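Have a look at run.cif below; it lists mmCIF, C-alpha atoms.
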```cif
data_upload
#
loop_
_atom_site.label_atom_id
_atom_site.label_comp_id
_atom_site.auth_asym_id
_atom_site.auth_seq_id
_atom_site.Cartn_x
_atom_site.Cartn_y
_atom_site.Cartn_z
CA MET A 1 25.78 33.78 21.48
CA VAL A 2 25.30 35.81 18.29
CA GLU A 3 28.61 34.50 16.92
CA ARG A 4 27.65 30.90 17.74
CA ALA A 5 24.25 31.34 16.12
CA GLY A 6 25.89 32.71 13.01
CA ALA A 7 28.29 29.79 12.82
CA GLN A 8 25.43 27.31 13.20
CA GLN A 9 23.46 29.10 10.51
CA ALA A 10 26.41 28.86 8.17
CA LEU A 11 26.67 25.12 8.82
CA ASP A 12 22.94 24.71 8.23
CA HIS A 13 23.31 26.47 4.88
CA GLU A 14 26.23 24.20 4.04
CA GLY A 15 24.13 21.14 4.89
CA GLN A 16 21.35 22.45 2.66
CA ALA A 17 23.90 22.98 -0.11
CA VAL A 18 24.92 19.32 0.17
CA ALA A 19 21.29 18.22 -0.10
CA ARG A 20 20.76 20.54 -3.06
CA ARG A 21 23.74 19.16 -4.95
CA LEU A 22 22.54 15.61 -4.35
CA ALA A 23 18.99 16.48 -5.40
CA LEU A 24 20.10 18.08 -8.65
CA GLN A 25 22.06 14.93 -9.55
CA ALA A 26 19.27 12.52 -8.68
CA ASP A 27 16.73 10.89 -10.98
CA LEU A 28 14.06 11.37 -8.31
CA VAL A 29 13.71 13.40 -5.16
CA VAL A 30 11.25 11.86 -2.65
CA GLU A 31 10.16 13.72 0.48
CA ASN A 32 7.39 13.53 3.07
CA TYR A 33 7.68 16.69 5.13
CA ARG A 34 4.77 19.02 5.67
CA PRO A 35 4.22 21.41 2.75
CA GLY A 36 6.54 24.40 2.94
CA VAL A 37 9.35 22.80 4.94
CA LEU A 38 11.61 22.14 1.95
CA GLU A 39 10.94 25.65 0.63
CA LYS A 40 12.29 27.09 3.89
CA TRP A 41 15.49 25.14 3.27
CA GLY A 42 15.78 26.26 -0.36
CA LEU A 43 15.00 22.73 -1.53
CA GLY A 44 11.42 23.03 -2.79
CA TYR A 45 10.42 21.77 -6.21
CA GLU A 46 10.27 25.20 -7.84
CA GLN A 47 13.68 26.07 -6.40
CA LEU A 48 15.30 22.88 -7.69
CA ALA A 49 13.51 23.01 -11.05
CA ALA A 50 14.81 26.54 -11.61
CA ASP A 51 18.33 25.08 -11.82
CA ASN A 52 17.34 21.77 -13.42
CA PRO A 53 13.98 21.68 -15.25
CA ALA A 54 14.33 17.87 -15.52
CA THR A 55 13.93 17.54 -11.73
CA ILE A 56 11.21 15.10 -10.64
CA MET A 57 10.05 15.44 -7.06
CA VAL A 58 7.61 13.05 -5.38
CA ARG A 59 5.97 14.73 -2.40
CA LEU A 60 3.95 12.65 0.05
CA SER A 61 1.93 14.45 2.70
CA GLY A 62 -1.27 14.01 4.65
CA TYR A 63 -3.44 16.37 2.59
CA GLY A 64 -1.35 17.36 -0.43
CA GLN A 65 0.45 20.58 -1.30
CA THR A 66 -2.71 22.68 -1.70
CA GLY A 67 -6.08 23.17 -0.04
CA PRO A 68 -7.23 24.45 3.36
CA MET A 69 -5.85 21.41 5.22
CA ARG A 70 -2.39 21.35 3.62
CA ASP A 71 -0.58 22.48 6.76
CA ARG A 72 -2.20 20.01 9.15
CA PRO A 73 -0.24 17.00 10.41
CA GLY A 74 -1.36 13.82 8.71
CA PHE A 75 -0.69 10.14 9.31
CA GLY A 76 -1.89 6.93 7.70
CA ALA A 77 -4.60 6.43 10.33
CA ILE A 78 -6.07 9.87 9.55
CA ALA A 79 -5.87 9.21 5.80
CA GLU A 80 -7.69 5.89 6.23
CA SER A 81 -10.46 7.70 8.10
CA MET A 82 -10.83 10.65 5.75
CA GLY A 83 -10.32 8.54 2.63
CA GLY A 84 -13.25 6.29 3.53
CA ILE A 85 -11.71 2.88 4.14
CA ARG A 86 -12.29 2.87 7.90
CA PHE A 87 -16.00 3.61 7.45
CA VAL A 88 -16.49 0.36 5.55
CA SER A 89 -14.21 -1.81 7.74
CA GLY A 90 -15.67 -4.04 10.42
CA HIS A 91 -19.12 -5.34 11.35
CA PRO A 92 -22.29 -3.29 10.93
CA ASP A 93 -23.24 -3.45 14.63
CA ARG A 94 -19.88 -2.17 15.88
CA PRO A 95 -17.70 0.93 15.40
CA PRO A 96 -15.30 1.01 12.42
CA VAL A 97 -12.02 -0.84 12.88
CA ARG A 98 -8.44 -0.52 11.74
CA ILE A 99 -7.44 -2.86 8.90
CA GLY A 100 -4.57 -4.35 10.94
CA ILE A 101 -1.65 -2.91 8.97
CA SER A 102 -0.69 0.64 8.02
CA ILE A 103 -2.58 0.33 4.77
CA GLY A 104 -2.92 4.10 4.23
CA ASP A 105 0.84 4.61 4.18
CA SER A 106 1.36 1.63 1.88
CA ILE A 107 -1.33 2.73 -0.58
CA ALA A 108 0.15 6.23 -0.69
CA ALA A 109 3.62 4.80 -1.33
CA LEU A 110 2.30 2.75 -4.25
CA HIS A 111 0.68 5.84 -5.73
CA GLY A 112 4.01 7.62 -5.31
CA VAL A 113 5.73 4.84 -7.26
CA ALA A 114 3.11 5.01 -10.02
CA GLY A 115 3.45 8.78 -10.25
CA ALA A 116 7.24 8.61 -10.30
CA LEU A 117 7.25 6.05 -13.12
CA MET A 118 4.83 8.14 -15.18
CA ALA A 119 6.94 11.25 -14.60
CA LEU A 120 10.12 9.40 -15.59
CA ARG A 121 8.42 8.11 -18.75
CA HIS A 122 7.34 11.64 -19.64
CA ARG A 123 10.84 13.02 -19.02
CA ASP A 124 12.36 10.32 -21.23
CA ALA A 125 9.87 11.15 -23.98
CA THR A 126 10.70 14.88 -23.81
CA GLY A 127 14.46 14.70 -23.98
CA GLY A 128 15.78 12.48 -21.22
CA ARG A 129 17.48 13.11 -17.92
CA GLY A 130 19.51 16.14 -18.92
CA ARG A 131 17.01 17.94 -21.16
CA GLY A 132 13.60 16.44 -20.58
CA GLN A 133 10.69 17.94 -18.68
CA GLY A 134 10.49 17.06 -15.00
CA GLN A 135 7.49 17.64 -12.79
CA LEU A 136 6.05 17.55 -9.32
CA VAL A 137 4.24 14.39 -8.20
CA ASP A 138 1.88 15.43 -5.41
CA VAL A 139 0.57 12.46 -3.36
CA ALA A 140 -1.89 13.09 -0.54
CA LEU A 141 -2.35 10.14 1.78
CA TYR A 142 -6.11 10.57 2.07
CA GLU A 143 -6.49 10.85 -1.73
CA ALA A 144 -4.54 7.65 -2.28
CA VAL A 145 -6.93 5.83 0.07
CA PHE A 146 -9.94 7.52 -1.54
CA ASN A 147 -8.73 6.31 -4.92
CA MET A 148 -9.19 2.70 -3.75
CA MET A 149 -12.82 3.11 -2.73
CA GLU A 150 -14.24 1.35 -5.80
CA SER A 151 -17.73 2.53 -6.85
CA THR A 152 -18.71 4.34 -3.65
CA VAL A 153 -18.84 7.74 -5.37
CA PRO A 154 -21.21 6.84 -8.25
CA GLU A 155 -23.27 4.65 -5.90
CA PHE A 156 -23.93 7.66 -3.69
CA ASP A 157 -24.36 10.14 -6.51
CA ARG A 158 -26.85 8.12 -8.53
CA TYR A 159 -28.68 6.10 -5.87
CA GLY A 160 -27.92 7.82 -2.57
CA VAL A 161 -26.30 4.64 -1.25
CA VAL A 162 -23.75 5.09 1.52
CA ARG A 163 -21.65 1.93 1.59
CA SER A 164 -21.00 0.83 5.16
CA ARG A 165 -19.63 -2.10 7.13
CA THR A 166 -20.67 -5.60 6.13
CA GLY A 167 -18.30 -7.81 8.12
CA GLY A 168 -16.86 -10.62 6.01
CA ALA A 169 -19.45 -10.35 3.22
CA LEU A 170 -18.95 -8.60 -0.11
CA PRO A 171 -21.99 -6.36 -0.70
CA GLY A 172 -24.06 -7.24 -3.76
CA ILE A 173 -21.94 -10.33 -4.52
CA VAL A 174 -23.42 -13.64 -3.33
CA PRO A 175 -22.03 -15.84 -1.98
CA SER A 176 -18.73 -14.30 -0.93
CA ASN A 177 -18.24 -14.45 2.79
CA THR A 178 -16.34 -15.86 5.77
CA TYR A 179 -17.53 -19.09 7.38
CA THR A 180 -16.48 -20.93 10.54
CA CYS A 181 -15.62 -24.63 10.39
CA GLY A 182 -16.27 -27.27 13.03
CA ASP A 183 -12.80 -26.89 14.52
CA GLY A 184 -13.24 -23.13 14.95
CA ALA A 185 -11.03 -22.17 12.00
CA ALA A 186 -12.37 -19.69 9.43
CA LEU A 187 -12.29 -19.85 5.66
CA VAL A 188 -13.43 -17.59 2.83
CA VAL A 189 -15.59 -18.88 -0.01
CA ALA A 190 -16.02 -16.86 -3.20
CA GLY A 191 -18.83 -18.73 -4.97
CA ASN A 192 -20.37 -15.76 -6.74
CA GLY A 193 -19.83 -16.83 -10.35
CA ASP A 194 -22.98 -18.43 -11.74
CA ALA A 195 -21.31 -21.72 -12.69
CA ILE A 196 -19.25 -21.69 -9.51
CA PHE A 197 -22.39 -21.25 -7.43
CA LYS A 198 -23.88 -24.41 -8.90
CA ARG A 199 -20.71 -26.37 -8.18
CA LEU A 200 -20.58 -25.00 -4.65
CA MET A 201 -24.17 -25.87 -3.84
CA THR A 202 -23.73 -29.34 -5.30
CA ALA A 203 -20.55 -29.88 -3.26
CA ILE A 204 -22.31 -28.99 0.00
CA GLY A 205 -25.27 -31.24 -0.77
CA ARG A 206 -27.73 -28.48 -1.66
CA ARG A 207 -28.69 -29.44 -5.20
CA ASP A 208 -32.07 -27.79 -4.54
CA LEU A 209 -30.33 -24.42 -4.39
CA ALA A 210 -28.02 -25.31 -7.27
CA GLU A 211 -31.03 -25.96 -9.53
CA ASP A 212 -33.25 -23.13 -8.27
CA PRO A 213 -33.84 -20.85 -11.31
CA GLN A 214 -34.18 -17.80 -9.07
CA LEU A 215 -30.58 -18.33 -7.91
CA ALA A 216 -29.07 -18.88 -11.34
CA ARG A 217 -27.83 -15.27 -11.50
CA ASN A 218 -26.25 -13.02 -8.92
CA ASP A 219 -29.11 -10.51 -8.91
CA GLY A 220 -31.45 -13.29 -7.80
CA ARG A 221 -29.02 -14.53 -5.15
CA VAL A 222 -28.59 -11.11 -3.55
CA GLY A 223 -32.16 -11.18 -2.24
CA ARG A 224 -31.59 -14.59 -0.62
CA ALA A 225 -28.07 -13.99 0.67
CA ASP A 226 -28.94 -14.93 4.27
CA GLU A 227 -30.41 -18.26 3.17
CA ILE A 228 -27.38 -19.10 1.02
CA ASP A 229 -24.89 -18.06 3.70
CA ALA A 230 -26.73 -20.14 6.28
CA ALA A 231 -26.53 -23.22 4.05
CA ILE A 232 -22.78 -22.80 3.55
CA GLN A 233 -22.20 -22.11 7.23
CA GLN A 234 -24.15 -25.21 8.26
CA TRP A 235 -22.03 -27.36 5.95
CA CYS A 236 -18.73 -25.80 7.09
CA GLY A 237 -19.70 -26.13 10.74
CA GLN A 238 -20.01 -29.90 10.39
CA ARG A 239 -16.38 -30.55 9.41
CA PRO A 240 -12.83 -29.41 10.16
CA ILE A 241 -11.29 -26.78 7.91
CA ASP A 242 -8.90 -29.16 6.12
CA ASP A 243 -11.80 -31.34 5.00
CA ALA A 244 -13.83 -28.34 3.89
CA LEU A 245 -10.89 -26.94 1.91
CA SER A 246 -10.24 -30.26 0.18
CA LEU A 247 -13.88 -30.86 -0.78
CA LEU A 248 -14.43 -27.35 -2.12
CA ALA A 249 -11.12 -27.30 -4.00
CA ALA A 250 -12.05 -30.62 -5.59
CA ALA A 251 -15.28 -28.98 -6.79
CA ASP A 252 -13.24 -26.14 -8.32
CA VAL A 253 -14.69 -23.57 -5.92
CA PRO A 254 -12.46 -20.59 -4.97
CA VAL A 255 -11.74 -21.08 -1.27
CA SER A 256 -8.98 -20.31 1.21
CA ARG A 257 -8.18 -20.46 4.87
CA ILE A 258 -7.50 -17.02 6.33
CA TYR A 259 -3.74 -17.10 6.54
CA SER A 260 -1.67 -15.99 9.50
CA VAL A 261 2.01 -15.28 8.91
CA ALA A 262 2.72 -18.75 10.36
CA ASP A 263 0.49 -20.24 7.65
CA MET A 264 2.44 -18.33 5.01
CA PHE A 265 5.75 -19.76 6.22
CA ALA A 266 4.35 -23.30 5.93
CA ASP A 267 2.45 -22.94 2.65
CA PRO A 268 3.79 -24.72 -0.47
CA GLN A 269 2.49 -21.99 -2.81
CA PHE A 270 4.51 -19.33 -0.99
CA ALA A 271 7.53 -21.64 -1.12
CA ALA A 272 7.14 -22.45 -4.82
CA ARG A 273 6.99 -18.76 -5.66
CA GLY A 274 9.96 -17.91 -3.43
CA MET A 275 7.88 -15.38 -1.52
CA ILE A 276 9.91 -15.58 1.69
CA GLU A 277 13.64 -14.92 1.37
CA ARG A 278 16.36 -15.29 3.96
CA GLN A 279 18.98 -12.57 4.18
CA PRO A 280 22.23 -12.76 6.16
CA LEU A 281 22.82 -10.53 9.17
CA GLY A 282 26.10 -9.32 10.54
CA ASP A 283 26.03 -11.73 13.46
CA GLY A 284 25.93 -14.78 11.18
CA SER A 285 22.19 -15.39 11.54
CA THR A 286 19.57 -14.81 8.85
CA LEU A 287 16.34 -12.84 8.72
CA ALA A 288 13.26 -13.77 6.70
CA VAL A 289 11.89 -10.96 4.53
CA PRO A 290 9.15 -10.76 1.87
CA ALA A 291 10.37 -11.29 -1.68
CA VAL A 292 10.14 -8.62 -4.36
CA VAL A 293 6.93 -8.43 -6.40
CA PRO A 294 5.77 -8.22 -9.11
CA LYS A 295 7.92 -10.87 -10.78
CA LEU A 296 9.42 -9.67 -14.06
CA GLY A 297 10.54 -12.25 -16.59
CA ALA A 298 13.43 -10.36 -18.20
CA THR A 299 14.55 -8.26 -15.24
CA PRO A 300 13.61 -10.12 -12.06
CA GLY A 301 14.13 -8.23 -8.84
CA GLY A 302 15.61 -9.51 -5.63
CA THR A 303 16.80 -8.38 -2.22
CA ARG A 304 20.55 -7.91 -2.45
CA TRP A 305 20.99 -6.51 1.06
CA LEU A 306 18.89 -5.22 3.93
CA GLY A 307 20.13 -1.65 3.77
CA PRO A 308 22.76 0.42 5.55
CA LYS A 309 22.96 1.63 9.09
CA LEU A 310 21.83 5.22 9.51
CA GLY A 311 24.52 7.45 8.01
CA GLU A 312 26.75 4.53 7.01
CA HIS A 313 27.54 6.00 3.58
CA THR A 314 27.47 9.70 4.43
CA ASP A 315 31.24 10.17 4.17
CA GLU A 316 31.40 8.22 0.92
CA VAL A 317 28.66 10.35 -0.66
CA LEU A 318 30.27 13.58 0.51
CA ARG A 319 33.63 12.53 -0.93
CA GLU A 320 31.93 11.90 -4.28
CA LEU A 321 30.65 15.49 -4.11
CA GLY A 322 34.22 16.76 -3.63
CA TYR A 323 34.35 17.31 0.13
CA ASP A 324 37.68 16.51 1.81
CA ALA A 325 38.14 14.90 5.21
CA ALA A 326 38.40 18.23 7.05
CA SER A 327 35.22 19.57 5.49
CA ILE A 328 33.33 16.37 6.29
CA ALA A 329 34.50 16.51 9.91
CA LYS A 330 33.32 20.11 10.17
CA LEU A 331 29.92 19.24 8.75
CA ARG A 332 29.59 16.34 11.17
CA GLU A 333 30.72 18.39 14.16
CA GLY A 334 28.11 21.05 13.46
CA GLY A 335 25.32 18.53 12.85
CA ALA A 336 24.84 19.65 9.24
CA VAL A 337 24.94 16.02 8.00
#
```
What does the file become when written as structure tokens?
Amino acid sequence: MVERAGAQQALDHEGQAVARRLALQADLVVENYRPGVLEKWGLGYEQLAADNPATIMVRLSGYGQTGPMRDRPGFGAIAESMGGIRFVSGHPDRPPVRIGISIGDSIAALHGVAGALMALRHRDATGGRGRGQGQLVDVALYEAVFNMMESTVPEFDRYGVVRSRTGGALPGIVPSNTYTCGDGAALVVAGNGDAIFKRLMTAIGRRDLAEDPQLARNDGRVGRADEIDAAIQQWCGQRPIDDALSLLAAADVPVSRIYSVADMFADPQFAARGMIERQPLGDGSTLAVPAVVPKLGATPGGTRWLGPKLGEHTDEVLRELGYDAASIAKLREGGAV
């Protein structure tokens, strides 16, 4: 048993050596283990940077690499709760709700991208890949969510306001809400610009509100939000959504149905922008995937392929590192790669 354990340990070290060699050749190292795991494997940032000071490592974890909660398990749902977004999601008379997608993970990933690009820019400015200064990019999921919470911090600090759930309305911005049409479909109207508000009220036959001097500015409309919302809802409730959309669009009022994915597939704007691509699969069929955004004029992105099967290129990568067929077979047999 001792001999077998020693052999397995040797293979584990060999697997770590493979990962280390790859990491030291990479522009970026991205990982999302709990803090301390990579250090146990000899692959932590300080360990890699000792050999290559230009190393850039993006670390994504629930609570970051420091602090009393660093070692706790963290997922997007927990980050959304601790970061504040769940507290403000839903209707005021019901418990907080989930957004409907894994928004915490996605927000953290975007922060990781931003941090990586800034670190790459800094390395380029300090000597480039071989000689420039690398750094650690530490992304905590809950902090990424917290960073999206708009003015909640100064609102609380200065006025003691705790922003909470407001359903489909946008607090302090009137009118901006969700309304139900006569056929049961919902739309969103953002009529909060002063000139837009006048056009909106005129379009729904409420010139009295359009010309009311008290409602000429948003601060005056906030105090009469219920009255304004009721007027818009009454108008929407008298007609199907397609009619409401057409009439409000003709009045140059920002308005939209609340799209399902089926709506996106059928929408001419999505089509004109090429936002849904079809990629071939191995069985001869195709799969629809979202297109790459943002759209760059000089270097437009695109989906060239859907990615490899798990481990599809392991042998190829190991051969590039100098491993022969026998060594690769040994690594595979021992589970090191």
Ground truth for the PyMOL selection byres ((chain A and resi 163) around 7), written as a ChimeraX atom specification: /A:88,152,161-162,164
Write to file, as a PDB file, keeping the file's coordinate frame, the residues of the selection just made, with C-alpha atoms.
```pdb
ATOM      1  CA  VAL A  88     -16.490   0.360   5.550  1.00  0.00           C
ATOM      2  CA  THR A 152     -18.710   4.340  -3.650  1.00  0.00           C
ATOM      3  CA  VAL A 161     -26.300   4.640  -1.250  1.00  0.00           C
ATOM      4  CA  VAL A 162     -23.750   5.090   1.520  1.00  0.00           C
ATOM      5  CA  SER A 164     -21.000   0.830   5.160  1.00  0.00           C
TER       6      SER A 164
END
```
Kindly provide, as a PDB file with C-alpha atoms, in the coordinates of the input, the polymer residues lying within 9 Å of (0.7, 10.7, -10.5), counting all atoms listed in the file and using the coordinates exactly as they appear in the file.
```pdb
ATOM      1  CA  VAL A  58       7.610  13.050  -5.380  1.00  0.00           C
ATOM      2  CA  HIS A 111       0.680   5.840  -5.730  1.00  0.00           C
ATOM      3  CA  GLY A 112       4.010   7.620  -5.310  1.00  0.00           C
ATOM      4  CA  VAL A 113       5.730   4.840  -7.260  1.00  0.00           C
ATOM      5  CA  ALA A 114       3.110   5.010 -10.020  1.00  0.00           C
ATOM      6  CA  GLY A 115       3.450   8.780 -10.250  1.00  0.00           C
ATOM      7  CA  ALA A 116       7.240   8.610 -10.300  1.00  0.00           C
ATOM      8  CA  LEU A 117       7.250   6.050 -13.120  1.00  0.00           C
ATOM      9  CA  MET A 118       4.830   8.140 -15.180  1.00  0.00           C
ATOM     10  CA  ALA A 119       6.940  11.250 -14.600  1.00  0.00           C
ATOM     11  CA  LEU A 136       6.050  17.550  -9.320  1.00  0.00           C
ATOM     12  CA  VAL A 137       4.240  14.390  -8.200  1.00  0.00           C
ATOM     13  CA  ASP A 138       1.880  15.430  -5.410  1.00  0.00           C
ATOM     14  CA  VAL A 139       0.570  12.460  -3.360  1.00  0.00           C
TER      15      VAL A 139
END
```
Near stretch 96-103 of chain A, within 9 Å and counting all atoms listed in the file, which residues show up once chain neighbours fewer than 2 positions away are dropped, as a ChimeraX atom specification? /A:76-77,80,85-92,94,105-108,145,165
Atom-to-atom span, atom CA of A:Ser246 and atom CA of A:Leu187, Å: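 These atoms are spaced 11.9 Å apart.
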Go ahead and compute the interatomic distance for atom CA of A:Ala140 and atom CA of A:Leu60, in Å to one decimal. 5.9 Å
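Residue selection for this entry, given the PyMOL selection byres ((chain A and resi 24) around 8), comprises A:Arg20, A:Arg21, A:Leu22, A:Ala23, A:Gln25, A:Ala26, A:Leu48, A:Asp51, A:Asn52, A:Thr55.
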Would you please work out which residue, of A:Asp208, A:Asp283, A:Glu14, A:Asp194, is nearest to A:Arg221 when using only C-alpha atoms?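 The answer is A:Asp194, which sits nearest to A:Arg221.
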Hits from the PyMOL selection byres ((chain A and resi 302-309) around 12), listed as JSON, numbers by chain: {"A": [274, 275, 276, 277, 278, 279, 280, 281, 282, 286, 287, 288, 289, 290, 291, 292, 293, 294, 295, 296, 299, 300, 301, 310, 311, 312, 313, 314]}
One decimal, in Å: what's the spacing between atom CA of A:Gly130 and atom CA of A:Gln47? 17.0 Å
Local residues around (-14.3, -21.0, 7.5), at most 12 Å away, using only C-alpha atoms, as a ChimeraX atom specification: /A:168,176-190,229,232-245,248,255-259
For the residues in that selection, give me C-alpha atoms as a compact mmCIF listing (two decimals), in the frame of the given file.
```
# COMPACT_ATOMS: atom_id res chain seq x y z
CA GLY A 168 -16.86 -10.62 6.01
CA SER A 176 -18.73 -14.30 -0.93
CA ASN A 177 -18.24 -14.45 2.79
CA THR A 178 -16.34 -15.86 5.77
CA TYR A 179 -17.53 -19.09 7.38
CA THR A 180 -16.48 -20.93 10.54
CA CYS A 181 -15.62 -24.63 10.39
CA GLY A 182 -16.27 -27.27 13.03
CA ASP A 183 -12.80 -26.89 14.52
CA GLY A 184 -13.24 -23.13 14.95
CA ALA A 185 -11.03 -22.17 12.00
CA ALA A 186 -12.37 -19.69 9.43
CA LEU A 187 -12.29 -19.85 5.66
CA VAL A 188 -13.43 -17.59 2.83
CA VAL A 189 -15.59 -18.88 -0.01
CA ALA A 190 -16.02 -16.86 -3.20
CA ASP A 229 -24.89 -18.06 3.70
CA ILE A 232 -22.78 -22.80 3.55
CA GLN A 233 -22.20 -22.11 7.23
CA GLN A 234 -24.15 -25.21 8.26
CA TRP A 235 -22.03 -27.36 5.95
CA CYS A 236 -18.73 -25.80 7.09
CA GLY A 237 -19.70 -26.13 10.74
CA GLN A 238 -20.01 -29.90 10.39
CA ARG A 239 -16.38 -30.55 9.41
CA PRO A 240 -12.83 -29.41 10.16
CA ILE A 241 -11.29 -26.78 7.91
CA ASP A 242 -8.90 -29.16 6.12
CA ASP A 243 -11.80 -31.34 5.00
CA ALA A 244 -13.83 -28.34 3.89
CA LEU A 245 -10.89 -26.94 1.91
CA LEU A 248 -14.43 -27.35 -2.12
CA VAL A 255 -11.74 -21.08 -1.27
CA SER A 256 -8.98 -20.31 1.21
CA ARG A 257 -8.18 -20.46 4.87
CA ILE A 258 -7.50 -17.02 6.33
CA TYR A 259 -3.74 -17.10 6.54
```
Restricting the calculation to all atoms listed in the file, which member of A:Tyr63, A:Val174, A:Arg129, A:Arg273 is positioned closest to A:Glu227? A:Val174
